[in-house]
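The structure appears right after this line, and notes come after that.
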Amino acid sequence: MKTAATDEIGELLKRAKTIAVVGLSDSPLRPSYGVSAYMQSQGFRVIPVNPAIKGALGEKAVASLSEIKERIDIVDVFRRSEFVPEVVDEAIRLKIPAIWLQEDVIHEEAAEKARKAGIFVVMDKCILKEHRARFG
């Protein structure tokens, strides 16, 4: 059992309020929708980032992270790994404190670049499972 002091993921989830979900689908059948609905039910503000939809979960969608006017605590990425570098570059420009790459979303170079820029990176983990394991 890890102590709370070393549980960086737990600390992040405790602190965070707003999650920008890149690749959030408006289809309830997609994993991004179910995971985001769960996070919303746990009190997080979820902002859909997807140029292909108008909105999801009662929130208006934006085409890119830079369109979001409020503070983003976590960028949660539901895109294929090859799209990760552009998300990381945008997150670095916007000084977002944490990037979360969902299960099977792996891009070592982009993750390293984000870490070097001072961003906390979680890779290949499901935010719902990690939240539920700690607070569920």
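Ligands are numbered from 1 in the order shown, chains are lettered A, B, ... in the order of the structure tokens, and residues start at 1 in each chain.
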
Worksheet entry | All strand (DSSP E) positions in region 5-126 of chain A, as a count of residues only | 25

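Residues with any atom within 12 Å of Ala56 (chain A), counting only C-alpha atoms and excluding same-chain neighbours fewer than 2 positions away, are Val21, Val22, Gly23, Leu24, Ser25, Asp26, Ser27, Pro28, Arg30, Ser32, Tyr33, Gly34, Ser36, Ala37, Gln40, Val46, Ile47, Pro48, Val49, Asn50, Pro51, Ala52, Ile53, Lys54, Gly58, Glu59, Lys60, Ala61 and Val62 of chain A.
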
Practice prompt. Using backbone DSSP assignments, extract all alpha helix (DSSP H) residues from chain A; output them as a PyMOL selection string.
Written response: chain A and resi 8-15+31-41+84-93+108-116+127-135

Discussion item. Can you pull out the residues contacting Glu108 (chain A)? Cut-off 10 Å, using only C-alpha atoms, and skip same-chain residues under 3 positions away; I want them as JSON, numbers by chain.
Written reply: {"A": [81, 84, 85, 105, 111, 112, 113, 114, 123]}

Worksheet entry | All residues 12 Å or closer to Asp89 (chain A), only C-alpha atoms, same chain fewer than 2 positions away omitted, as a ChimeraX atom specification | /A:64-66,75,83-87,91-96,99,109-117,119

Just write the chosen residues, N, CA, C and O atoms, as a compact mmCIF listing (two decimals), in the first residue's frame.
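That gives us out_33.txt:
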# COMPACT_ATOMS: atom_id res chain seq x y z
N SER A 64 -10.46 22.79 -30.01
CA SER A 64 -9.09 22.61 -29.53
C SER A 64 -8.96 23.13 -28.10
O SER A 64 -9.79 23.91 -27.63
N LEU A 65 -7.89 22.72 -27.44
CA LEU A 65 -7.64 23.14 -26.06
C LEU A 65 -7.56 24.66 -25.94
O LEU A 65 -8.01 25.24 -24.96
N SER A 66 -6.97 25.31 -26.95
CA SER A 66 -6.78 26.76 -26.85
C SER A 66 -8.09 27.54 -26.86
O SER A 66 -8.10 28.72 -26.52
N VAL A 75 -5.68 17.30 -18.96
CA VAL A 75 -6.10 16.99 -20.33
C VAL A 75 -6.13 15.47 -20.41
O VAL A 75 -5.11 14.81 -20.24
N PHE A 83 -1.70 10.97 -32.46
CA PHE A 83 -2.20 12.34 -32.28
C PHE A 83 -1.69 12.98 -30.98
O PHE A 83 -1.94 14.15 -30.73
N VAL A 84 -1.00 12.21 -30.16
CA VAL A 84 -0.57 12.71 -28.85
C VAL A 84 0.41 13.88 -28.95
O VAL A 84 0.26 14.86 -28.21
N PRO A 85 1.42 13.85 -29.86
CA PRO A 85 2.38 14.97 -29.88
C PRO A 85 1.73 16.34 -30.06
O PRO A 85 2.11 17.30 -29.37
N GLU A 86 0.71 16.45 -30.92
CA GLU A 86 0.08 17.77 -31.11
C GLU A 86 -0.69 18.19 -29.87
O GLU A 86 -0.72 19.38 -29.54
N VAL A 87 -1.29 17.23 -29.15
CA VAL A 87 -2.00 17.56 -27.91
C VAL A 87 -0.99 18.03 -26.86
O VAL A 87 -1.21 19.02 -26.16
N ALA A 91 -0.75 21.58 -24.94
CA ALA A 91 -0.78 21.60 -23.47
C ALA A 91 0.43 22.36 -22.91
O ALA A 91 0.31 23.11 -21.95
N ILE A 92 1.58 22.18 -23.54
CA ILE A 92 2.79 22.90 -23.11
C ILE A 92 2.59 24.40 -23.32
O ILE A 92 2.86 25.20 -22.42
N ARG A 93 2.09 24.78 -24.50
CA ARG A 93 1.84 26.20 -24.79
C ARG A 93 0.88 26.81 -23.78
O ARG A 93 1.05 27.94 -23.35
N LEU A 94 -0.13 26.04 -23.39
CA LEU A 94 -1.16 26.55 -22.49
C LEU A 94 -0.80 26.35 -21.01
O LEU A 94 -1.58 26.70 -20.13
N LYS A 95 0.36 25.74 -20.75
CA LYS A 95 0.84 25.49 -19.38
C LYS A 95 -0.15 24.69 -18.54
O LYS A 95 -0.43 25.01 -17.38
N ILE A 96 -0.70 23.64 -19.14
CA ILE A 96 -1.62 22.76 -18.43
C ILE A 96 -0.80 21.83 -17.53
O ILE A 96 0.20 21.28 -17.97
N ILE A 99 -1.30 15.81 -18.04
CA ILE A 99 -1.83 15.14 -19.22
C ILE A 99 -2.06 13.68 -18.87
O ILE A 99 -1.19 13.03 -18.28
N GLU A 109 7.93 9.59 -26.54
CA GLU A 109 8.64 10.85 -26.85
C GLU A 109 7.80 12.05 -26.41
O GLU A 109 8.32 12.98 -25.80
N ALA A 110 6.52 12.02 -26.73
CA ALA A 110 5.65 13.14 -26.35
C ALA A 110 5.53 13.24 -24.83
O ALA A 110 5.54 14.34 -24.27
N ALA A 111 5.43 12.09 -24.16
CA ALA A 111 5.34 12.09 -22.70
C ALA A 111 6.61 12.70 -22.09
O ALA A 111 6.54 13.50 -21.15
N GLU A 112 7.76 12.33 -22.64
CA GLU A 112 9.03 12.86 -22.15
C GLU A 112 9.12 14.37 -22.37
O GLU A 112 9.55 15.12 -21.48
N LYS A 113 8.67 14.81 -23.54
CA LYS A 113 8.66 16.24 -23.85
C LYS A 113 7.77 16.99 -22.85
O LYS A 113 8.14 18.06 -22.35
N ALA A 114 6.61 16.43 -22.54
CA ALA A 114 5.69 17.05 -21.58
C ALA A 114 6.33 17.12 -20.20
O ALA A 114 6.27 18.15 -19.52
N ARG A 115 6.96 16.00 -19.77
CA ARG A 115 7.61 15.98 -18.45
C ARG A 115 8.71 17.04 -18.36
O ARG A 115 8.84 17.72 -17.35
N LYS A 116 9.49 17.16 -19.44
CA LYS A 116 10.57 18.16 -19.46
C LYS A 116 10.01 19.57 -19.34
O LYS A 116 10.68 20.47 -18.84
N ALA A 117 8.76 19.76 -19.79
CA ALA A 117 8.11 21.07 -19.71
C ALA A 117 7.41 21.25 -18.37
O ALA A 117 6.73 22.24 -18.15
N ILE A 119 5.12 19.13 -16.96
CA ILE A 119 3.76 18.59 -16.93
C ILE A 119 3.78 17.19 -16.31
O ILE A 119 4.64 16.37 -16.64
